[in-house]
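K.L.:
I'm passing along run.txt; it holds compact mmCIF, C-alpha atoms and all ligand atoms.
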```
# COMPACT_ATOMS: atom_id res chain seq x y z
CA MET A 1 -74.86 61.78 -184.71
CA SER A 2 -77.52 62.18 -187.37
CA GLU A 3 -79.27 58.97 -188.37
CA THR A 4 -79.13 57.62 -191.94
CA GLN A 5 -82.44 58.17 -193.67
CA MET A 6 -84.30 54.85 -194.13
CA PRO A 7 -84.83 53.18 -196.48
CA THR A 8 -81.58 53.35 -198.36
CA ALA A 9 -81.40 52.15 -201.97
CA ARG A 10 -80.39 48.75 -200.56
CA THR A 11 -83.08 48.38 -197.90
CA ARG A 12 -86.18 49.51 -199.78
CA VAL A 13 -88.71 46.66 -199.90
CA VAL A 14 -89.76 46.28 -203.54
CA ARG A 15 -92.59 43.71 -203.60
CA GLU A 16 -95.60 44.52 -201.40
CA ALA A 17 -93.84 47.80 -200.67
CA ASP A 18 -96.63 48.87 -198.29
CA ARG A 19 -95.41 46.17 -195.89
CA GLY A 20 -92.01 47.81 -195.58
CA VAL A 21 -91.43 49.56 -192.23
CA TYR A 22 -88.36 51.66 -191.62
CA ASP A 23 -88.75 53.13 -188.17
CA ARG A 24 -86.21 52.18 -185.56
CA GLU A 25 -88.81 51.54 -182.85
CA THR A 26 -90.53 48.80 -184.88
CA VAL A 27 -87.18 47.27 -185.78
CA HIS A 28 -86.05 47.21 -182.14
CA ARG A 29 -89.34 45.66 -181.04
CA ILE A 30 -88.98 42.81 -183.55
CA LEU A 31 -85.33 42.29 -182.57
CA ASP A 32 -86.23 42.19 -178.88
CA GLU A 33 -88.93 39.56 -179.36
CA GLY A 34 -86.75 37.34 -181.54
CA PHE A 35 -83.61 35.64 -180.39
CA LEU A 36 -82.35 33.77 -183.44
CA CYS A 37 -80.91 35.59 -186.38
CA HIS A 38 -79.43 34.41 -189.65
CA ALA A 39 -76.08 35.98 -190.41
CA GLY A 40 -75.23 36.11 -194.12
CA PHE A 41 -71.73 36.75 -195.47
CA VAL A 42 -69.72 35.88 -198.58
CA VAL A 43 -66.39 34.02 -198.53
CA ASN A 44 -64.57 33.64 -201.86
CA GLY A 45 -67.79 34.27 -203.77
CA GLN A 46 -69.76 31.67 -201.81
CA PRO A 47 -72.62 33.03 -199.65
CA PHE A 48 -73.12 31.44 -196.24
CA VAL A 49 -76.17 32.09 -194.06
CA ILE A 50 -75.63 30.84 -190.52
CA PRO A 51 -78.27 30.76 -187.76
CA THR A 52 -77.10 32.11 -184.42
CA SER A 53 -78.31 33.87 -181.28
CA TYR A 54 -77.90 37.58 -180.67
CA GLY A 55 -78.53 40.38 -178.23
CA ARG A 56 -79.32 44.05 -178.71
CA LYS A 57 -78.42 47.19 -176.83
CA ASP A 58 -79.47 50.51 -178.29
CA ALA A 59 -78.30 50.59 -181.91
CA SER A 60 -75.92 47.64 -181.57
CA LEU A 61 -76.56 43.99 -182.26
CA TYR A 62 -74.12 41.52 -180.72
CA ILE A 63 -73.36 37.99 -181.85
CA HIS A 64 -70.88 35.64 -180.24
CA GLY A 65 -69.39 32.22 -180.61
CA SER A 66 -66.25 30.15 -180.62
CA ALA A 67 -63.23 32.22 -181.60
CA ALA A 68 -62.48 29.34 -183.98
CA SER A 69 -65.78 29.49 -185.86
CA ARG A 70 -65.47 30.50 -189.51
CA MET A 71 -68.40 32.88 -189.22
CA LEU A 72 -66.75 34.87 -186.42
CA ARG A 73 -63.25 34.62 -187.90
CA GLN A 74 -64.49 36.00 -191.23
CA MET A 75 -66.66 38.70 -189.78
CA LYS A 76 -64.05 40.11 -187.49
CA GLU A 77 -62.00 40.92 -190.59
CA GLY A 78 -64.71 43.49 -191.24
CA ILE A 79 -66.57 41.91 -194.15
CA SER A 80 -70.09 42.97 -195.05
CA VAL A 81 -72.88 41.09 -193.32
CA CYS A 82 -76.61 40.81 -193.67
CA ILE A 83 -78.47 39.90 -190.48
CA THR A 84 -82.10 38.79 -190.66
CA VAL A 85 -84.57 38.06 -187.88
CA THR A 86 -87.99 36.55 -188.58
CA LEU A 87 -91.02 36.19 -186.31
CA LEU A 88 -93.70 33.94 -187.76
CA ASP A 89 -97.19 34.89 -186.56
CA GLY A 90 -99.52 32.79 -188.65
CA LEU A 91 -100.34 30.76 -191.73
CA VAL A 92 -102.64 32.61 -194.08
CA LEU A 93 -104.91 30.20 -195.94
CA ALA A 94 -106.54 31.69 -198.99
CA ARG A 95 -109.19 30.18 -201.25
CA SER A 96 -106.64 29.81 -204.02
CA VAL A 97 -103.23 28.17 -203.60
CA PHE A 98 -101.64 31.22 -205.24
CA ASN A 99 -102.86 33.65 -202.58
CA HIS A 100 -101.66 31.68 -199.56
CA SER A 101 -99.30 33.66 -197.40
CA MET A 102 -97.90 34.04 -193.91
CA ASN A 103 -98.24 36.69 -191.25
CA TYR A 104 -94.83 37.76 -190.07
CA ARG A 105 -92.56 40.49 -188.80
CA SER A 106 -89.03 40.44 -190.14
CA VAL A 107 -85.94 42.62 -190.05
CA VAL A 108 -82.96 42.90 -192.37
CA ILE A 109 -79.81 44.75 -191.24
CA LEU A 110 -76.92 45.50 -193.58
CA GLY A 111 -73.54 46.51 -192.25
CA LYS A 112 -70.04 45.56 -191.20
CA ALA A 113 -69.31 43.55 -188.06
CA THR A 114 -66.46 44.61 -185.81
CA LEU A 115 -64.72 42.67 -183.09
CA VAL A 116 -65.43 43.70 -179.50
CA ASP A 117 -62.00 43.33 -177.92
CA ASP A 118 -62.17 45.64 -174.94
CA PRO A 119 -62.54 43.13 -172.06
CA LYS A 120 -65.13 45.24 -170.20
CA GLU A 121 -67.28 45.79 -173.27
CA LYS A 122 -66.93 42.12 -174.20
CA LEU A 123 -68.23 40.97 -170.83
CA ALA A 124 -71.04 43.53 -171.00
CA ALA A 125 -71.95 42.28 -174.49
CA LEU A 126 -72.03 38.67 -173.29
CA ARG A 127 -74.36 39.71 -170.50
CA ILE A 128 -76.60 41.47 -173.04
CA LEU A 129 -76.69 38.30 -175.16
CA SER A 130 -77.53 36.15 -172.14
CA GLU A 131 -80.19 38.51 -170.80
CA HIS A 132 -81.70 38.86 -174.28
CA ILE A 133 -82.33 35.13 -174.43
CA LEU A 134 -83.22 34.49 -170.80
CA PRO A 135 -83.55 37.51 -168.51
CA GLY A 136 -82.31 36.71 -165.00
CA ARG A 137 -80.04 33.83 -165.98
CA TRP A 138 -76.72 35.71 -166.08
CA ASP A 139 -76.75 36.47 -162.36
CA ASP A 140 -77.77 32.91 -161.43
CA ALA A 141 -75.08 31.12 -163.42
CA ARG A 142 -71.29 31.10 -162.97
CA GLN A 143 -69.67 34.00 -164.81
CA PRO A 144 -67.23 33.26 -167.67
CA ASN A 145 -63.59 32.82 -166.60
CA GLU A 146 -60.47 34.05 -168.43
CA ARG A 147 -60.10 30.87 -170.47
CA GLU A 148 -63.75 30.88 -171.53
CA LEU A 149 -63.57 34.55 -172.47
CA LYS A 150 -60.50 33.87 -174.59
CA GLN A 151 -62.33 31.09 -176.44
CA THR A 152 -65.26 33.38 -177.20
CA SER A 153 -65.41 36.09 -179.82
CA VAL A 154 -68.02 38.84 -179.68
CA LEU A 155 -68.92 40.92 -182.69
CA ARG A 156 -70.92 44.10 -182.90
CA VAL A 157 -73.11 44.92 -185.89
CA PRO A 158 -74.39 48.51 -185.96
CA ILE A 159 -78.15 48.79 -186.51
CA GLU A 160 -77.81 51.66 -188.94
CA GLU A 161 -79.03 50.44 -192.31
CA PHE A 162 -82.16 48.38 -191.83
CA SER A 163 -85.66 47.51 -192.94
CA ALA A 164 -88.59 45.66 -191.47
CA LYS A 165 -91.44 43.97 -193.28
CA VAL A 166 -94.72 43.21 -191.58
CA ARG A 167 -97.75 41.27 -192.82
CA VAL A 168 -100.88 41.13 -190.70
CA GLY A 169 -104.48 40.21 -191.33
CA PRO A 170 -106.64 37.82 -193.34
CA PRO A 171 -106.01 36.28 -196.74
CA ILE A 172 -106.46 38.50 -199.75
CA ASP A 173 -108.27 36.50 -202.39
CA ASP A 174 -109.16 37.35 -205.96
CA GLU A 175 -112.69 38.77 -205.91
CA GLU A 176 -114.21 35.87 -207.89
CA ASP A 177 -112.75 33.30 -205.45
CA TYR A 178 -114.75 34.60 -202.46
CA SER A 179 -117.72 32.53 -203.73
CA LEU A 180 -115.75 29.25 -203.49
CA PRO A 181 -116.82 26.80 -200.71
CA THR A 182 -113.25 26.58 -199.41
CA TRP A 183 -112.27 27.40 -195.81
CA ALA A 184 -110.04 30.44 -195.62
CA GLY A 185 -108.53 32.27 -192.68
CA VAL A 186 -105.48 32.43 -190.47
CA VAL A 187 -103.87 29.72 -188.34
CA PRO A 188 -102.06 31.74 -185.63
CA LEU A 189 -98.62 30.45 -184.64
CA GLU A 190 -96.59 31.27 -181.57
CA MET A 191 -93.62 29.83 -179.78
CA VAL A 192 -94.63 28.25 -176.49
CA ALA A 193 -92.09 27.03 -173.92
CA GLY A 194 -92.63 23.61 -172.37
CA LYS A 195 -92.28 22.67 -168.71
CA PRO A 196 -88.62 22.84 -167.58
CA ILE A 197 -86.92 19.43 -167.25
CA ASP A 198 -84.61 19.07 -164.23
CA ASP A 199 -81.05 18.04 -165.02
CA ALA A 200 -80.30 14.56 -163.69
CA ARG A 201 -77.36 15.88 -161.62
CA LEU A 202 -79.23 18.73 -159.95
CA LEU A 203 -78.34 19.16 -156.28
CA PRO A 204 -81.20 18.14 -153.98
CA GLY A 205 -83.73 20.85 -153.17
CA ILE A 206 -82.98 23.07 -156.18
CA GLU A 207 -86.16 24.22 -157.92
CA SER A 208 -86.46 25.56 -161.45
CA PRO A 209 -86.39 29.36 -161.36
CA GLU A 210 -89.42 31.50 -162.12
CA TYR A 211 -87.91 32.74 -165.39
CA SER A 212 -87.65 29.17 -166.71
CA ARG A 213 -91.19 28.24 -165.68
CA HIS A 214 -92.84 31.19 -167.40
CA TYR A 215 -90.61 31.67 -170.40
CA THR A 216 -92.01 33.88 -173.13
CA ARG A 217 -90.63 36.11 -175.87
CA LYS A 218 -93.45 38.63 -175.52
CA ARG A 219 -92.18 41.71 -173.74
C1 LIG B 1 -91.95 34.06 -193.09
C2 LIG B 1 -91.83 34.70 -194.44
C3 LIG B 1 -92.23 34.02 -195.56
C4 LIG B 1 -92.10 34.59 -196.83
N1 LIG B 1 -92.45 33.87 -197.94
C5 LIG B 1 -92.22 34.37 -199.16
C6 LIG B 1 -92.43 33.60 -200.34
O1 LIG B 1 -92.81 32.42 -200.28
N2 LIG B 1 -92.18 34.15 -201.55
C7 LIG B 1 -91.72 35.45 -201.64
O2 LIG B 1 -91.49 35.93 -202.77
N3 LIG B 1 -91.52 36.20 -200.57
C8 LIG B 1 -91.74 35.69 -199.34
N4 LIG B 1 -91.48 36.45 -198.22
C9 LIG B 1 -91.09 37.85 -198.43
C10 LIG B 1 -89.59 37.97 -198.69
O3 LIG B 1 -88.95 38.07 -197.43
C11 LIG B 1 -89.24 39.25 -199.50
O4 LIG B 1 -89.83 40.35 -198.90
C12 LIG B 1 -89.68 39.09 -200.94
O5 LIG B 1 -88.85 38.12 -201.58
C13 LIG B 1 -89.65 40.36 -201.74
O6 LIG B 1 -88.41 40.97 -201.76
P1 LIG B 1 -88.21 42.27 -202.68
O7 LIG B 1 -87.99 41.84 -204.11
O8 LIG B 1 -89.25 43.25 -202.38
O9 LIG B 1 -86.94 42.84 -202.08
P2 LIG B 1 -85.42 42.44 -202.30
O10 LIG B 1 -84.92 43.09 -203.54
O11 LIG B 1 -85.21 40.99 -202.10
O12 LIG B 1 -84.84 43.21 -201.05
C14 LIG B 1 -84.62 44.63 -201.04
C15 LIG B 1 -84.48 45.07 -199.62
O13 LIG B 1 -85.78 45.03 -199.01
C16 LIG B 1 -85.64 44.66 -197.67
N5 LIG B 1 -86.46 43.43 -197.44
C17 LIG B 1 -86.91 42.54 -198.34
N6 LIG B 1 -87.62 41.57 -197.74
C18 LIG B 1 -87.62 41.86 -196.42
C19 LIG B 1 -88.18 41.24 -195.31
N7 LIG B 1 -88.90 40.11 -195.40
N8 LIG B 1 -87.97 41.79 -194.09
C20 LIG B 1 -87.26 42.93 -193.94
N9 LIG B 1 -86.71 43.58 -194.99
C21 LIG B 1 -86.88 43.05 -196.21
C22 LIG B 1 -84.17 44.37 -197.41
O14 LIG B 1 -83.56 45.49 -196.80
C23 LIG B 1 -83.60 44.16 -198.78
O15 LIG B 1 -82.24 44.51 -198.83
C24 LIG B 1 -91.59 35.90 -196.95
C25 LIG B 1 -91.19 36.59 -195.81
C26 LIG B 1 -91.29 35.99 -194.56
C27 LIG B 1 -90.81 36.76 -193.38
```
Turn this file's structure into structure tokens for me.
Ligand SMILES: Cc1cc2nc3c(=O)[nH]c(=O)nc-3n(C[C@H](O)[C@H](O)[C@H](O)COP(=O)(O)OP(=O)(O)OC[C@H]3O[C@@H](n4cnc5c(N)ncnc54)[C@H](O)[C@@H]3O)c2cc1C

P.N.:
Amino acid sequence: MSETQMPTARTRVVREADRGVYDRETVHRILDEGFLCHAGFVVNGQPFVIPTSYGRKDASLYIHGSAASRMLRQMKEGISVCITVTLLDGLVLARSVFNHSMNYRSVVILGKATLVDDPKEKLAALRILSEHILPGRWDDARQPNERELKQTSVLRVPIEEFSAKVRVGPPIDDEEDYSLPTWAGVVPLEMVAGKPIDDARLLPGIESPEYSRHYTRKR
């Protein structure tokens, strides 16, 4: 299948257009490092933007949740969605308030969500979601039973119409402001996992697994 040429009229970054990135590899890398997305959709003219977890396999993004949730109920009817993922890399402190910024990598995907109802594909998608968030956990935990699967909806959003936007580097000040005696630079930010906390009802002798002790999003 030939791939849609990016950007489309809807995914072309307008402001700071040089920060727009449209190659699939960059988009997949950002999606694989992130694990929270915001899913935007419109119901009766009212936009809703709901944070949720996701997983990716090839050119498919999966989201899941209670079959009763409005987000999943609406989306499975095939309405248009906008999925965004944002990685925040730093605060960019300029000499002027106006030129302050942030370093980031973000992705926007436009498309239509469809319900994954084939039981095999649904289970595979749930595994992808689980492994995306915490590789190794799926095989350690009890697998979902029939009742749990029934209560869970899984939706697939094709990664076909997309854009990324990436800002890196120092502040960009107005030339005359470089002579000001104001500190300027970047405060790097990253998500760091804390030490795992044992559940109070843990069976004796059970240790926290390696993947929980060294959790990172960097791949
Ligand atoms: C952490 C963070 C902080 C930001 N802070 C600000 C801020 O304070 N003020 C501000 O004006 N902008 C901010 N931005 C940038 C903002 O996301 C938009 O890029 C900006 O509003 C310009 O949009 P536009 O008019 O070019 O495009 P729009 O017309 O809004 O969008 C056109 C298309 O461009 C693509 N696109 C636009 N923005 C992004 C993006 N960030 N990532 C991927 N694709 C994108 C989408 O496909 C979209 O459909 C921030 C971004 C991030 C990630």

K.L.:
What does the list of residues within 6 Å of ligand LIG 1 (chain B) look like if you count all atoms listed in the file, written as a list in words?

P.N.:
Arg10, Thr11, Arg12, Val13, Val14, Arg15, Thr86, Leu88, Met102, Tyr104, Ser106, Val107, Val108, Phe162, Ser163, Ala164 and Lys165 of chain A

K.L.:
Which neighbours of His132 of chain A fall inside 9 Å, counting all atoms listed in the file, when residues of the same chain fewer than 4 positions from it are skipped, and could you give them as a PyMOL selection string?

P.N.:
chain A and resi 32-35+54-56+127-128

K.L.:
Tell me which of A:Asn103, A:Gln143, A:Ser66, A:Ser212 sits closest to Pro171 of chain A, counting only C-alpha atoms.

P.N.:
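Distance minimum relative to Pro171 of chain A lands on A:Asn103.
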
K.L.:
Work out how far atom CA of Val157 of chain A is from atom CA of Val81 of chain A, in Å to one decimal.

P.N.:
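Rounded to one decimal, the two atoms are 8.4 Å apart.
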
K.L.:
Determine, counting only C-alpha atoms, which protein, DNA and RNA residues have an atom within 9 Å of an atom of Glu190 of chain A; residues of the same chain fewer than 6 positions away are not included. Present the result as a list of chain:residue names.

P.N.:
A:Leu87, A:Leu88, A:Asp89, A:Gly90

K.L.:
Store the residues picked out above, limited to C-alpha atoms, as a PDB file, in the coordinates of the input.

P.N.:
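Contents of part37.pdb, freshly written:
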```pdb
ATOM      1  CA  LEU A  87     -91.020  36.190-186.310  1.00  0.00           C
ATOM      2  CA  LEU A  88     -93.700  33.940-187.760  1.00  0.00           C
ATOM      3  CA  ASP A  89     -97.190  34.890-186.560  1.00  0.00           C
ATOM      4  CA  GLY A  90     -99.520  32.790-188.650  1.00  0.00           C
TER       5      GLY A  90
END
```

K.L.:
Leaving out Ser208 of chain A and any residue of its chain fewer than 2 positions from it, which residues lie within 8 Å of it when counting all atoms listed in the file, given as a list in words?

P.N.:
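Surrounding residues, per the criterion: Pro196, Asp198, Ile206, Glu210, Ser212 and Arg213 of chain A.
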
K.L.:
Kindly export the residues of the current selection with C-alpha atoms, as a PDB file, in the coordinates of the input.

P.N.:
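See again_28.pdb below for the written result:
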```pdb
ATOM      1  CA  PRO A 196     -88.620  22.840-167.580  1.00  0.00           C
ATOM      2  CA  ASP A 198     -84.610  19.070-164.230  1.00  0.00           C
ATOM      3  CA  ILE A 206     -82.980  23.070-156.180  1.00  0.00           C
ATOM      4  CA  GLU A 210     -89.420  31.500-162.120  1.00  0.00           C
ATOM      5  CA  SER A 212     -87.650  29.170-166.710  1.00  0.00           C
ATOM      6  CA  ARG A 213     -91.190  28.240-165.680  1.00  0.00           C
TER       7      ARG A 213
END
```

K.L.:
Counting all atoms listed in the file, which of A:His64, A:Ser69, A:Thr216, A:Arg19 gets nearest to Leu149 of chain A?

P.N.:
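Closest residue, counting all atoms listed in the file: A:His64.
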